[in-house]
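Pasting upload15.cif here (mmCIF, C-alpha atoms and all ligand atoms):
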```
data_target
#
loop_
_atom_site.label_atom_id
_atom_site.label_comp_id
_atom_site.auth_asym_id
_atom_site.auth_seq_id
_atom_site.Cartn_x
_atom_site.Cartn_y
_atom_site.Cartn_z
CA MET A 1 -120.98 -8.81 -18.08
CA LEU A 2 -123.82 -6.69 -19.52
CA GLU A 3 -124.02 -3.82 -17.06
CA GLY A 4 -125.64 -0.73 -18.62
CA LYS A 5 -126.81 -2.62 -21.71
CA VAL A 6 -130.40 -2.73 -22.94
CA ALA A 7 -131.39 -6.07 -24.49
CA ILE A 8 -134.48 -7.28 -26.35
CA VAL A 9 -135.17 -11.04 -26.46
CA THR A 10 -137.88 -12.27 -28.87
CA GLY A 11 -139.62 -15.50 -27.91
CA GLY A 12 -138.67 -14.60 -24.35
CA THR A 13 -141.70 -16.12 -22.63
CA ARG A 14 -140.39 -19.66 -22.29
CA GLY A 15 -137.61 -22.12 -23.13
CA ILE A 16 -134.31 -20.79 -24.43
CA GLY A 17 -135.59 -17.19 -24.65
CA LEU A 18 -136.83 -17.09 -21.05
CA GLU A 19 -133.54 -18.52 -19.79
CA THR A 20 -131.66 -15.91 -21.82
CA VAL A 21 -133.76 -13.20 -20.16
CA LYS A 22 -132.75 -14.58 -16.74
CA VAL A 23 -129.04 -14.90 -17.58
CA PHE A 24 -128.92 -11.38 -19.04
CA LYS A 25 -130.64 -10.01 -15.92
CA GLU A 26 -128.18 -11.86 -13.67
CA ASN A 27 -125.49 -10.04 -15.63
CA LYS A 28 -127.06 -6.62 -15.00
CA ALA A 29 -128.66 -5.86 -18.38
CA SER A 30 -132.03 -4.14 -18.67
CA VAL A 31 -134.12 -6.73 -20.50
CA ILE A 32 -137.29 -6.45 -22.55
CA LEU A 33 -138.94 -9.71 -23.58
CA PHE A 34 -141.19 -10.15 -26.58
CA GLY A 35 -143.81 -12.90 -26.87
CA SER A 36 -146.57 -13.80 -29.30
CA LYS A 37 -149.56 -12.76 -27.17
CA LYS A 38 -150.63 -10.81 -24.08
CA GLU A 39 -151.50 -13.85 -21.92
CA THR A 40 -148.13 -15.58 -22.31
CA VAL A 41 -146.21 -12.34 -21.86
CA ASP A 42 -148.20 -11.46 -18.70
CA LYS A 43 -147.65 -14.96 -17.32
CA ALA A 44 -143.88 -14.83 -17.98
CA LEU A 45 -143.60 -11.37 -16.35
CA GLU A 46 -145.56 -12.56 -13.33
CA ASP A 47 -143.41 -15.71 -12.91
CA LEU A 48 -140.24 -13.65 -13.24
CA LYS A 49 -141.54 -11.12 -10.72
CA ASN A 50 -142.21 -13.94 -8.25
CA ASP A 51 -138.53 -14.86 -8.62
CA GLY A 52 -137.56 -11.24 -7.95
CA ILE A 53 -136.77 -10.47 -11.60
CA GLU A 54 -138.22 -7.25 -13.10
CA VAL A 55 -138.41 -7.03 -16.89
CA LYS A 56 -140.71 -5.31 -19.39
CA GLY A 57 -142.70 -7.31 -21.91
CA TYR A 58 -144.41 -6.62 -25.25
CA TYR A 59 -146.15 -8.68 -27.91
CA PRO A 60 -145.68 -6.90 -31.24
CA ASN A 61 -146.59 -8.75 -34.42
CA LEU A 62 -143.10 -9.51 -35.74
CA ASN A 63 -144.41 -9.40 -39.30
CA ASN A 64 -145.72 -5.83 -38.95
CA TYR A 65 -143.27 -2.92 -39.14
CA ASP A 66 -145.59 -0.40 -37.46
CA ASP A 67 -146.10 -2.73 -34.53
CA ILE A 68 -142.36 -3.32 -34.11
CA ASN A 69 -141.42 0.35 -34.59
CA ASN A 70 -143.98 1.54 -32.04
CA VAL A 71 -142.57 -0.81 -29.41
CA LEU A 72 -138.96 0.11 -30.24
CA GLU A 73 -139.80 3.81 -29.87
CA GLU A 74 -141.32 3.12 -26.43
CA ILE A 75 -138.20 1.21 -25.41
CA LYS A 76 -135.94 4.01 -26.68
CA LYS A 77 -137.97 6.57 -24.74
CA GLU A 78 -137.75 4.56 -21.53
CA TYR A 79 -134.16 3.27 -21.69
CA GLY A 80 -132.44 5.74 -24.05
CA HIS A 81 -130.78 3.12 -26.27
CA ILE A 82 -131.01 -0.45 -27.58
CA ASP A 83 -127.74 -2.40 -27.43
CA ILE A 84 -128.57 -6.08 -27.90
CA LEU A 85 -131.22 -7.89 -29.95
CA VAL A 86 -131.67 -11.65 -29.53
CA ASN A 87 -133.82 -12.99 -32.36
CA ASN A 88 -134.94 -16.20 -30.70
CA ALA A 89 -138.66 -16.68 -31.55
CA GLY A 90 -139.09 -19.74 -33.72
CA ILE A 91 -141.27 -22.71 -34.58
CA SER A 92 -140.28 -26.13 -35.88
CA ALA A 93 -141.79 -28.79 -38.13
CA ASN A 94 -141.55 -32.54 -38.51
CA LYS A 95 -144.04 -33.62 -41.21
CA LYS A 96 -143.04 -35.41 -44.41
CA ILE A 97 -143.04 -33.19 -47.48
CA GLU A 98 -146.23 -34.77 -48.95
CA ASP A 99 -148.10 -33.88 -45.75
CA THR A 100 -146.77 -30.32 -45.46
CA THR A 101 -149.00 -27.60 -46.89
CA SER A 102 -147.50 -24.52 -48.51
CA SER A 103 -149.12 -22.38 -45.83
CA GLU A 104 -147.36 -24.44 -43.12
CA PHE A 105 -144.07 -23.95 -44.96
CA GLU A 106 -144.79 -20.21 -45.25
CA SER A 107 -145.62 -19.80 -41.56
CA ILE A 108 -142.24 -21.28 -40.59
CA MET A 109 -140.47 -18.88 -42.96
CA ASN A 110 -142.62 -15.98 -41.74
CA LEU A 111 -141.48 -16.37 -38.15
CA ASN A 112 -138.02 -17.97 -38.36
CA VAL A 113 -136.74 -15.83 -41.24
CA ASN A 114 -139.00 -12.91 -42.18
CA ALA A 115 -139.63 -11.81 -38.57
CA MET A 116 -135.87 -11.99 -37.92
CA PHE A 117 -135.24 -9.80 -40.97
CA ASN A 118 -137.95 -7.38 -39.83
CA MET A 119 -136.52 -7.08 -36.33
CA CYS A 120 -133.01 -6.50 -37.69
CA LYS A 121 -134.27 -3.91 -40.18
CA CYS A 122 -136.11 -1.97 -37.47
CA VAL A 123 -133.41 -2.14 -34.79
CA VAL A 124 -130.37 -1.34 -36.94
CA PRO A 125 -131.11 2.43 -37.18
CA TYR A 126 -131.12 2.59 -33.35
CA MET A 127 -127.81 0.73 -33.17
CA LYS A 128 -126.22 2.86 -35.89
CA LYS A 129 -127.24 6.02 -34.03
CA ASN A 130 -125.77 4.50 -30.88
CA LYS A 131 -122.52 3.72 -32.75
CA GLY A 132 -122.70 0.00 -32.06
CA GLY A 133 -124.71 -3.00 -31.02
CA VAL A 134 -125.02 -6.77 -31.02
CA ILE A 135 -127.53 -8.88 -32.95
CA LEU A 136 -127.77 -12.55 -32.01
CA ASN A 137 -129.85 -15.07 -33.95
CA THR A 138 -131.06 -18.51 -32.96
CA SER A 139 -130.06 -21.03 -35.56
CA SER A 140 -129.98 -24.79 -35.02
CA MET A 141 -127.76 -27.80 -35.54
CA VAL A 142 -130.13 -28.69 -38.41
CA SER A 143 -128.78 -25.60 -40.22
CA ILE A 144 -125.65 -27.62 -40.86
CA TYR A 145 -126.94 -31.13 -41.56
CA GLY A 146 -130.64 -30.75 -42.40
CA GLN A 147 -133.13 -33.21 -40.89
CA PRO A 148 -135.00 -36.21 -42.27
CA SER A 149 -138.49 -34.62 -42.17
CA GLY A 150 -140.03 -31.18 -41.67
CA VAL A 151 -137.94 -29.57 -44.41
CA GLY A 152 -139.21 -26.03 -43.71
CA TYR A 153 -137.42 -25.93 -40.36
CA PRO A 154 -133.86 -26.65 -41.53
CA ALA A 155 -134.48 -24.54 -44.65
CA SER A 156 -135.38 -21.61 -42.38
CA LYS A 157 -132.29 -22.13 -40.22
CA PHE A 158 -129.98 -22.28 -43.27
CA ALA A 159 -131.49 -18.87 -44.10
CA VAL A 160 -130.77 -17.67 -40.55
CA ASN A 161 -127.10 -18.53 -41.06
CA GLY A 162 -127.02 -16.68 -44.39
CA LEU A 163 -128.67 -13.64 -42.86
CA THR A 164 -126.21 -13.75 -39.93
CA LYS A 165 -123.05 -14.02 -42.03
CA SER A 166 -124.16 -11.39 -44.54
CA LEU A 167 -125.43 -8.83 -42.04
CA ALA A 168 -122.22 -9.27 -40.04
CA ARG A 169 -120.28 -8.06 -43.06
CA GLU A 170 -122.72 -5.26 -43.88
CA LEU A 171 -122.88 -3.93 -40.33
CA ALA A 172 -119.27 -4.40 -39.17
CA PRO A 173 -118.30 -0.86 -40.29
CA PHE A 174 -120.95 0.42 -37.87
CA ASN A 175 -119.56 -1.56 -34.92
CA ILE A 176 -122.59 -3.84 -34.94
CA ARG A 177 -121.68 -7.50 -34.44
CA VAL A 178 -123.99 -10.23 -35.75
CA ASN A 179 -123.66 -13.85 -34.64
CA ALA A 180 -125.86 -16.91 -34.26
CA VAL A 181 -126.03 -19.75 -31.78
CA ALA A 182 -126.88 -23.17 -33.22
CA PRO A 183 -128.35 -25.26 -30.40
CA GLY A 184 -128.53 -29.02 -30.50
CA ILE A 185 -131.50 -30.82 -28.95
CA THR A 186 -132.48 -28.63 -26.01
CA ASN A 187 -134.85 -29.38 -23.16
CA THR A 188 -137.81 -27.06 -23.99
CA ASP A 189 -141.48 -27.27 -25.00
CA MET A 190 -140.36 -27.37 -28.64
CA VAL A 191 -138.67 -30.74 -28.08
CA ALA A 192 -141.43 -31.99 -25.75
CA SER A 193 -143.85 -31.53 -28.67
CA LEU A 194 -141.86 -33.84 -30.97
CA PRO A 195 -142.46 -37.63 -31.08
CA LYS A 196 -140.35 -39.61 -28.55
CA GLU A 197 -139.39 -42.06 -31.31
CA MET A 198 -137.75 -39.16 -33.13
CA ILE A 199 -135.91 -37.60 -30.17
CA GLU A 200 -134.72 -40.51 -28.00
CA PRO A 201 -132.47 -42.18 -30.60
CA LEU A 202 -130.95 -38.78 -31.35
CA ILE A 203 -130.09 -38.13 -27.69
CA LYS A 204 -128.23 -41.48 -27.60
CA THR A 205 -125.89 -40.24 -30.35
CA ILE A 206 -124.79 -37.06 -28.51
CA PRO A 207 -121.11 -37.46 -27.56
CA LEU A 208 -121.51 -35.42 -24.35
CA GLY A 209 -124.20 -37.94 -23.38
CA ARG A 210 -127.04 -35.57 -22.54
CA ILE A 211 -129.64 -33.22 -23.96
CA GLY A 212 -128.82 -29.49 -23.85
CA GLU A 213 -130.42 -27.33 -21.18
CA PRO A 214 -131.76 -23.82 -21.95
CA ARG A 215 -128.99 -22.39 -19.74
CA ASP A 216 -126.32 -23.96 -21.98
CA ILE A 217 -127.69 -21.89 -24.86
CA ALA A 218 -128.32 -18.75 -22.80
CA ASN A 219 -124.70 -18.79 -21.62
CA ALA A 220 -123.53 -18.82 -25.25
CA PHE A 221 -125.75 -15.81 -25.95
CA LEU A 222 -124.28 -14.09 -22.90
CA PHE A 223 -120.73 -14.61 -24.11
CA LEU A 224 -121.53 -13.39 -27.63
CA ALA A 225 -123.45 -10.37 -26.30
CA SER A 226 -120.60 -9.36 -24.00
CA ASP A 227 -117.41 -7.46 -24.74
CA LEU A 228 -115.49 -10.74 -24.34
CA ALA A 229 -116.69 -11.43 -27.90
CA SER A 230 -115.77 -7.99 -29.24
CA TYR A 231 -113.76 -9.43 -32.18
CA ILE A 232 -116.29 -12.15 -33.05
CA THR A 233 -118.82 -11.48 -35.78
CA GLY A 234 -120.40 -13.54 -38.57
CA ASN A 235 -120.02 -16.70 -36.53
CA ILE A 236 -122.43 -19.61 -36.05
CA LEU A 237 -121.59 -21.05 -32.63
CA SER A 238 -122.64 -24.71 -32.25
CA VAL A 239 -123.84 -25.53 -28.73
CA ASP A 240 -124.82 -29.15 -29.21
CA GLY A 241 -122.58 -31.50 -27.23
CA ALA A 242 -120.89 -32.37 -30.55
CA ALA A 243 -124.15 -33.90 -31.84
CA ARG A 244 -123.95 -34.62 -35.54
CA SER A 245 -127.21 -35.93 -36.94
P1 LIG B 1 -140.27 -22.79 -27.35
O1 LIG B 1 -141.34 -23.35 -28.20
O2 LIG B 1 -140.15 -23.20 -25.94
O3 LIG B 1 -140.31 -21.18 -27.39
C1 LIG B 1 -140.57 -20.49 -28.59
C2 LIG B 1 -140.74 -19.02 -28.32
O4 LIG B 1 -141.11 -18.40 -29.56
C3 LIG B 1 -141.85 -18.72 -27.32
O5 LIG B 1 -141.42 -17.70 -26.43
C4 LIG B 1 -142.98 -18.19 -28.18
O6 LIG B 1 -143.74 -17.15 -27.55
C5 LIG B 1 -142.24 -17.59 -29.37
N1 LIG B 1 -143.11 -17.59 -30.53
C6 LIG B 1 -143.72 -18.66 -31.11
N2 LIG B 1 -144.51 -18.25 -32.12
C7 LIG B 1 -144.38 -16.89 -32.18
C8 LIG B 1 -144.92 -15.87 -33.02
N3 LIG B 1 -145.76 -16.17 -34.01
N4 LIG B 1 -144.57 -14.58 -32.79
C9 LIG B 1 -143.72 -14.26 -31.80
N5 LIG B 1 -143.16 -15.18 -30.98
C10 LIG B 1 -143.48 -16.46 -31.18
O7 LIG B 1 -138.95 -23.10 -28.17
P2 LIG B 1 -137.39 -23.10 -27.80
O8 LIG B 1 -136.95 -24.50 -27.85
O9 LIG B 1 -137.10 -22.28 -26.60
O10 LIG B 1 -136.86 -22.40 -29.12
C11 LIG B 1 -136.31 -21.11 -29.16
C12 LIG B 1 -135.45 -21.03 -30.41
O11 LIG B 1 -134.44 -22.03 -30.35
C13 LIG B 1 -136.21 -21.26 -31.71
O12 LIG B 1 -135.74 -20.35 -32.70
C14 LIG B 1 -135.81 -22.68 -32.08
O13 LIG B 1 -135.88 -22.91 -33.47
C15 LIG B 1 -134.40 -22.75 -31.57
N6 LIG B 1 -133.90 -24.10 -31.33
C16 LIG B 1 -134.46 -24.91 -30.40
C17 LIG B 1 -133.93 -26.19 -30.24
C18 LIG B 1 -134.50 -27.14 -29.21
O14 LIG B 1 -134.10 -28.32 -29.24
N7 LIG B 1 -135.36 -26.72 -28.32
C19 LIG B 1 -132.86 -26.63 -31.01
C20 LIG B 1 -132.32 -25.77 -31.95
C21 LIG B 1 -132.84 -24.49 -32.11
#
```
For the file at hand, write its structure as structure tokens.
Amino acid sequence: MLEGKVAIVTGGTRGIGLETVKVFKENKASVILFGSKKETVDKALEDLKNDGIEVKGYYPNLNNYDDINNVLEEIKKEYGHIDILVNNAGISANKKIEDTTSSEFESIMNLNVNAMFNMCKCVVPYMKKNKGGVILNTSSMVSIYGQPSGVGYPASKFAVNGLTKSLARELAPFNIRVNAVAPGITNTDMVASLPKEMIEPLIKTIPLGRIGEPRDIANAFLFLASDLASYITGNILSVDGAARS
């Protein structure tokens, strides 16, 4: 479904991002994963290699334009074009507002929103030159309903939806589609780090009766990245088993 396409996946070292890397490779894309540091990127590349999957990896600071632009130039030199960007890197929060410091709130915004903006800003000139492209953002079911603690996380994901819908309109004339996937509770380290008392009651309320798997989300990214979705832009696709919390 992605033959000949060049795709970047941020937060590609584990969880949803890593699974997206695998699904895109299975569908014949050239994939470049981004992670936060050398050790985790090296480890992900080595694990993938052991499974017979060859991808490139980088660890640019997503809040530094020079860092991002240098890596994008390298990718352009090696592959000739950049077709798909999956903005997936993200962190969550679960503290009550009285216990949340402003620097904790800022670091969520810095990664979940500012880094997404930075990546879009830097990649769009490549896509415009290429006369098209696909930008996919990772939102969350909390972008629709909020959550009862950790306000920075849903606030950041509401911003992701705004960025997605607005950029879709701005970039449509350039044949660049912009969509988001809003996962429900998904079986990754992010969820493993949250208190059981918070997660288990939520899983019981999911109509499909199970937690999401990273592949459920990666498959949604695959569809949206592919030409099957060529008339879909500005959409927030819920992949949550109809969870409504
Ligand atoms: P994860 O914690 O397993 O992976 C997060 C990824 O982000 C890692 O690859 C990590 O390297 C990267 N990352 C973290 N800090 C970074 C930084 N400062 N700079 C660059 N990269 C950084 O999480 P996941 O569950 O796979 O989450 C991926 C995305 O899915 C996130 O945007 C998250 O908000 C979203 N999401 C997850 C769930 C869930 O239940 N797991 C639900 C809804 C949305």
Please report, as AutoDock Vina command-line options, the centre and edge lengths in Å to one decimal of an axis-aligned box covering all listed atoms of ligand LIG 1 (chain B) with 5 Å per side.
```
--center_x -139.0 --center_y -21.3 --center_z -30.0 --size_x 23.4 --size_y 24.1 --size_z 18.1
```
- Query: Please, which residues have at least one atom within 6 Å of an atom of ligand LIG 1 (chain B), using all atoms listed in the file, listed as a ChimeraX atom specification?
  - Reply: /A:11-17,35-36,88-92,111,138-140,183-191
- Residues within 12 Å of (-120.1, -3.4, -37.0), counting all atoms listed in the file, listed as a list in words: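 Those residues lying close to the given coordinates are Val124, Met127, Lys128, Asn130, Lys131, Gly132, Gly133, Val134, Ile135, Ser166, Leu167, Ala168, Arg169, Glu170, Leu171, Ala172, Pro173, Phe174, Asn175, Ile176, Arg177, Val178, Asn179, Ser230, Tyr231, Ile232, Thr233 and Gly234 of chain A.
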- Message: What's the separation between atom CA of Ile97 of chain A and atom CA of Gly146 of chain A, in Å to one decimal place?
- Response: 13.6 Å
- Item | Distance in Å - atom CA of Ile217 of chain A versus atom CA of Pro125 of chain A |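 Spanning atom CA of Ile217 of chain A to atom CA of Pro125 of chain A is a straight-line distance of 27.5 Å.
Atom CA of Leu45 of chain A is positioned 26.3 Å from atom CA of Asn114 of chain A.
Here the question is which of A:Ser30, A:Ser149, A:Asn137, A:Asn94 gets nearest to His81 of chain A using all atoms listed in the file, and that residue is A:Ser30.
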Write out, as JSON lines, each residue of segment 133-159 of chain A that has an atom at most 7 Å from segment 104-109 of chain A, together with the closest pair of atoms and their distance in Å to one decimal, counting all atoms listed in the file, rows going by chain and rising number.
```
{"residue": "A:Gly152", "atom": "CA", "partner": "A:Phe105", "partner_atom": "CA", "distance": 5.4}
{"residue": "A:Tyr153", "atom": "CA", "partner": "A:Ile108", "partner_atom": "CA", "distance": 6.7}
{"residue": "A:Ser156", "atom": "CA", "partner": "A:Met109", "partner_atom": "CA", "distance": 5.8}
```
Can those selected residues be exported to a file as an mmCIF file, keeping the file's coordinate frame so that it contains C-alpha atoms?
```cif
data_model
loop_
_atom_site.group_PDB
_atom_site.id
_atom_site.type_symbol
_atom_site.label_atom_id
_atom_site.label_comp_id
_atom_site.auth_asym_id
_atom_site.auth_seq_id
_atom_site.Cartn_x
_atom_site.Cartn_y
_atom_site.Cartn_z
ATOM 1 C CA GLY A 152 -139.210 -26.030 -43.710
ATOM 2 C CA TYR A 153 -137.420 -25.930 -40.360
ATOM 3 C CA SER A 156 -135.380 -21.610 -42.380
#
```
